[in-house]
>>> print(open('target-v5.pdb').read())   # PDB, C-alpha atoms
ATOM      1  CA  MET A   1       0.000   0.000   0.000  1.00  0.00           C
ATOM      2  CA  ILE A   2       1.283   3.460  -0.837  1.00  0.00           C
ATOM      3  CA  VAL A   3       1.545   5.500   2.352  1.00  0.00           C
ATOM      4  CA  CYS A   4       3.195   8.636   0.971  1.00  0.00           C
ATOM      5  CA  VAL A   5       3.602  10.395  -2.375  1.00  0.00           C
ATOM      6  CA  ALA A   6       5.934  13.336  -2.841  1.00  0.00           C
ATOM      7  CA  VAL A   7       6.715  15.585  -5.778  1.00  0.00           C
ATOM      8  CA  VAL A   8      10.038  17.373  -5.431  1.00  0.00           C
ATOM      9  CA  GLY A   9      11.325  20.109  -7.727  1.00  0.00           C
ATOM     10  CA  HIS A  10      14.627  20.123  -9.594  1.00  0.00           C
ATOM     11  CA  GLN A  11      16.284  22.096  -6.771  1.00  0.00           C
ATOM     12  CA  ASN A  12      15.016  19.607  -4.154  1.00  0.00           C
ATOM     13  CA  ASN A  13      12.222  21.911  -3.055  1.00  0.00           C
ATOM     14  CA  PRO A  14       9.056  20.055  -2.035  1.00  0.00           C
ATOM     15  CA  LEU A  15       6.190  20.806  -4.398  1.00  0.00           C
ATOM     16  CA  TYR A  16       3.678  18.347  -2.953  1.00  0.00           C
ATOM     17  CA  ILE A  17       3.767  15.816  -0.121  1.00  0.00           C
ATOM     18  CA  GLN A  18       0.764  13.724   0.819  1.00  0.00           C
ATOM     19  CA  SER A  19       0.761  10.979   3.419  1.00  0.00           C
ATOM     20  CA  PHE A  20      -2.064   8.491   3.706  1.00  0.00           C
ATOM     21  CA  THR A  21      -1.517   7.419   7.312  1.00  0.00           C
ATOM     22  CA  GLU A  22      -2.131   8.749  10.786  1.00  0.00           C
ATOM     23  CA  ALA A  23      -0.862  12.194  11.707  1.00  0.00           C
ATOM     24  CA  ASP A  24       1.828  10.672  13.939  1.00  0.00           C
ATOM     25  CA  ASP A  25       3.498   9.021  10.945  1.00  0.00           C
ATOM     26  CA  ALA A  26       3.364  12.092   8.697  1.00  0.00           C
ATOM     27  CA  LEU A  27       6.528  13.683  10.067  1.00  0.00           C
ATOM     28  CA  LYS A  28       8.381  10.360   9.862  1.00  0.00           C
ATOM     29  CA  LEU A  29       7.342   9.955   6.221  1.00  0.00           C
ATOM     30  CA  HIS A  30       8.443  13.506   5.404  1.00  0.00           C
ATOM     31  CA  HIS A  31      11.837  12.665   6.874  1.00  0.00           C
ATOM     32  CA  ILE A  32      12.049   9.472   4.802  1.00  0.00           C
ATOM     33  CA  VAL A  33      11.209  11.426   1.635  1.00  0.00           C
ATOM     34  CA  HIS A  34      13.835  14.046   2.465  1.00  0.00           C
ATOM     35  CA  CYS A  35      16.495  11.375   3.060  1.00  0.00           C
ATOM     36  CA  SER A  36      15.631   9.672  -0.225  1.00  0.00           C
ATOM     37  CA  LEU A  37      16.635  12.821  -2.128  1.00  0.00           C
ATOM     38  CA  ASP A  38      20.269  12.135  -1.249  1.00  0.00           C
ATOM     39  CA  VAL A  39      19.978   8.676  -2.806  1.00  0.00           C
ATOM     40  CA  VAL A  40      18.357  10.136  -5.938  1.00  0.00           C
ATOM     41  CA  ASP A  41      21.150  12.706  -6.310  1.00  0.00           C
ATOM     42  CA  GLU A  42      23.771  10.005  -5.819  1.00  0.00           C
ATOM     43  CA  ARG A  43      22.249   7.787  -8.507  1.00  0.00           C
ATOM     44  CA  VAL A  44      21.804  10.629 -10.996  1.00  0.00           C
ATOM     45  CA  ASN A  45      25.246  12.168 -10.490  1.00  0.00           C
ATOM     46  CA  ASN A  46      27.200   8.875 -10.267  1.00  0.00           C
ATOM     47  CA  PRO A  47      25.635   6.464 -12.763  1.00  0.00           C
ATOM     48  CA  LYS A  48      26.969   2.915 -12.679  1.00  0.00           C
ATOM     49  CA  LYS A  49      26.309  -0.107 -14.837  1.00  0.00           C
ATOM     50  CA  SER A  50      23.728  -1.352 -12.364  1.00  0.00           C
ATOM     51  CA  GLY A  51      22.114   2.083 -12.061  1.00  0.00           C
ATOM     52  CA  PRO A  52      19.672   3.739 -14.436  1.00  0.00           C
ATOM     53  CA  THR A  53      20.791   4.760 -17.896  1.00  0.00           C
ATOM     54  CA  LEU A  54      20.191   8.230 -19.290  1.00  0.00           C
ATOM     55  CA  ASN A  55      16.935   7.092 -20.895  1.00  0.00           C
ATOM     56  CA  GLU A  56      15.715   5.330 -17.773  1.00  0.00           C
ATOM     57  CA  THR A  57      13.686   7.624 -15.534  1.00  0.00           C
ATOM     58  CA  PHE A  58      12.432   4.993 -13.075  1.00  0.00           C
ATOM     59  CA  LEU A  59      15.074   4.863 -10.355  1.00  0.00           C
ATOM     60  CA  GLY A  60      13.664   1.766  -8.681  1.00  0.00           C
ATOM     61  CA  LEU A  61      14.108   0.953  -5.036  1.00  0.00           C
ATOM     62  CA  LEU A  62      16.003   3.813  -3.426  1.00  0.00           C
ATOM     63  CA  TYR A  63      16.291   2.203  -0.034  1.00  0.00           C
ATOM     64  CA  PRO A  64      14.306   0.016   2.335  1.00  0.00           C
ATOM     65  CA  THR A  65      13.624   0.802   5.968  1.00  0.00           C
ATOM     66  CA  GLU A  66      12.295  -1.501   8.638  1.00  0.00           C
ATOM     67  CA  ASN A  67       8.653  -0.777   7.763  1.00  0.00           C
ATOM     68  CA  TYR A  68       8.774   0.913   4.354  1.00  0.00           C
ATOM     69  CA  LYS A  69      10.267   0.734   0.882  1.00  0.00           C
ATOM     70  CA  VAL A  70      11.076   3.953  -0.958  1.00  0.00           C
ATOM     71  CA  TYR A  71      10.939   4.174  -4.772  1.00  0.00           C
ATOM     72  CA  GLY A  72      11.878   7.030  -7.071  1.00  0.00           C
ATOM     73  CA  TYR A  73      10.993   8.333 -10.509  1.00  0.00           C
ATOM     74  CA  LEU A  74      12.789  11.192 -12.270  1.00  0.00           C
ATOM     75  CA  THR A  75      11.202  13.238 -15.068  1.00  0.00           C
ATOM     76  CA  ASN A  76      12.960  14.922 -17.994  1.00  0.00           C
ATOM     77  CA  THR A  77      12.778  18.248 -16.170  1.00  0.00           C
ATOM     78  CA  LYS A  78      14.476  16.736 -13.079  1.00  0.00           C
ATOM     79  CA  VAL A  79      11.268  16.706 -11.031  1.00  0.00           C
ATOM     80  CA  LYS A  80      11.331  13.751  -8.665  1.00  0.00           C
ATOM     81  CA  PHE A  81       8.406  11.550  -7.665  1.00  0.00           C
ATOM     82  CA  ILE A  82       8.946   9.617  -4.439  1.00  0.00           C
ATOM     83  CA  LEU A  83       6.664   6.738  -3.422  1.00  0.00           C
ATOM     84  CA  VAL A  84       6.772   5.187   0.039  1.00  0.00           C
ATOM     85  CA  THR A  85       5.077   1.800   0.412  1.00  0.00           C
ATOM     86  CA  THR A  86       4.417  -0.558   3.289  1.00  0.00           C
ATOM     87  CA  ASP A  87       4.388  -3.627   1.030  1.00  0.00           C
ATOM     88  CA  LEU A  88       7.767  -5.232   1.523  1.00  0.00           C
ATOM     89  CA  ASP A  89       7.170  -7.767  -1.252  1.00  0.00           C
ATOM     90  CA  VAL A  90       6.004  -5.392  -4.006  1.00  0.00           C
ATOM     91  CA  ARG A  91       7.436  -5.877  -7.507  1.00  0.00           C
ATOM     92  CA  ASP A  92       9.398  -3.143  -9.287  1.00  0.00           C
ATOM     93  CA  VAL A  93       7.199  -3.499 -12.371  1.00  0.00           C
ATOM     94  CA  ASP A  94       4.096  -2.620 -10.369  1.00  0.00           C
ATOM     95  CA  VAL A  95       5.739   0.437  -8.837  1.00  0.00           C
ATOM     96  CA  ARG A  96       7.021   1.533 -12.245  1.00  0.00           C
ATOM     97  CA  ASN A  97       3.492   1.375 -13.678  1.00  0.00           C
ATOM     98  CA  VAL A  98       2.099   3.385 -10.772  1.00  0.00           C
ATOM     99  CA  SER A  99       4.879   5.965 -11.127  1.00  0.00           C
ATOM    100  CA  ILE A 100       4.177   6.393 -14.816  1.00  0.00           C
ATOM    101  CA  ALA A 101       0.442   6.693 -14.168  1.00  0.00           C
ATOM    102  CA  ILE A 102       1.029   9.387 -11.533  1.00  0.00           C
ATOM    103  CA  THR A 103       3.234  11.434 -13.846  1.00  0.00           C
ATOM    104  CA  LEU A 104       0.592  11.320 -16.577  1.00  0.00           C
ATOM    105  CA  LEU A 105      -2.052  12.906 -14.323  1.00  0.00           C
TER     106      LEU A 105
END
>>> encode(input="target-v5.pdb", output="structure tokens")
Amino acid sequence: MIVCVAVVGHQNNPLYIQSFTEADDALKLHHIVHCSLDVVDERVNNPKKSGPTLNETFLGLLYPTENYKVYGYLTNTKVKFILVTTDLDVRDVDVRNVSIAITLL
């Protein structure tokens, strides 16, 4: 289940953050989204063979936590979409399809 969606601008400024959990978890999810921006910058600035290519905008699993998995998607204009899920056994293909659907809205 998706518990948080964030849209972050090209200068890492938050454009939209929505959490779908209790108010107590909202601050924790905002922190997780903020920490994931470092991973996105690392993957974009230091591409490796196992990382995304220039044509690949789905960044995949950024990092797992004890209760969540964080996925990223990068647009052509360097706007980042961050998805936080509670499903620890979700497939990358499913998250990629959701990320593409969100960007088309």
>>> atom_distance(input="target-v5.pdb", atom1="CA of Thr86 (chain A)", atom2="CA of Ile17 (chain A)")
16.7 Å
>>> closest_residue(input="target-v5.pdb", among="A:Leu27, A:Leu104, A:Val33, A:Val93", to="Val5 (chain A)", atoms="all atoms listed in the file")
A:Val33
>>> axis_aligned_box(input="target-v5.pdb", around="region 3-15 of chain A", padding_each_side="6 Å", output="AutoDock Vina command-line options")
--center_x 8.9 --center_y 13.8 --center_z -3.6 --size_x 26.7 --size_y 28.6 --size_z 23.9
>>> resolve_selection(input="target-v5.pdb", expression="the PyMOL selection byres ((chain A and resi 21-23) around 12)", output="ChimeraX atom specification")
/A:1-5,18-20,24-30,84-86
>>> resolve_selection(input="target-v5.pdb", expression="the PyMOL selection byres ((chain A and resi 70) around 9)", output="list in words")
Ile32, Val33, Ser36, Gly60, Leu61, Leu62, Tyr63, Pro64, Thr65, Tyr68, Lys69, Tyr71, Gly72, Ile82, Leu83, Val84 and Thr85 of chain A
>>> atom_distance(input="target-v5.pdb", atom1="CA of Val7 (chain A)", atom2="CA of Leu105 (chain A)")
12.5 Å
>>> atom_distance(input="target-v5.pdb", atom1="CA of Val39 (chain A)", atom2="CA of Ala101 (chain A)")
22.7 Å
>>> resolve_selection(input="target-v5.pdb", expression="the PyMOL selection byres ((chain A and resi 77) around 12)", output="PyMOL selection string")
chain A and resi 8-11+57+73-76+78-81+103
>>> closest_residue(input="target-v5.pdb", among="A:Asn46, A:Asn97, A:Asp92, A:Asp87", to="Asn67 (chain A)", atoms="only C-alpha atoms")
A:Asp87
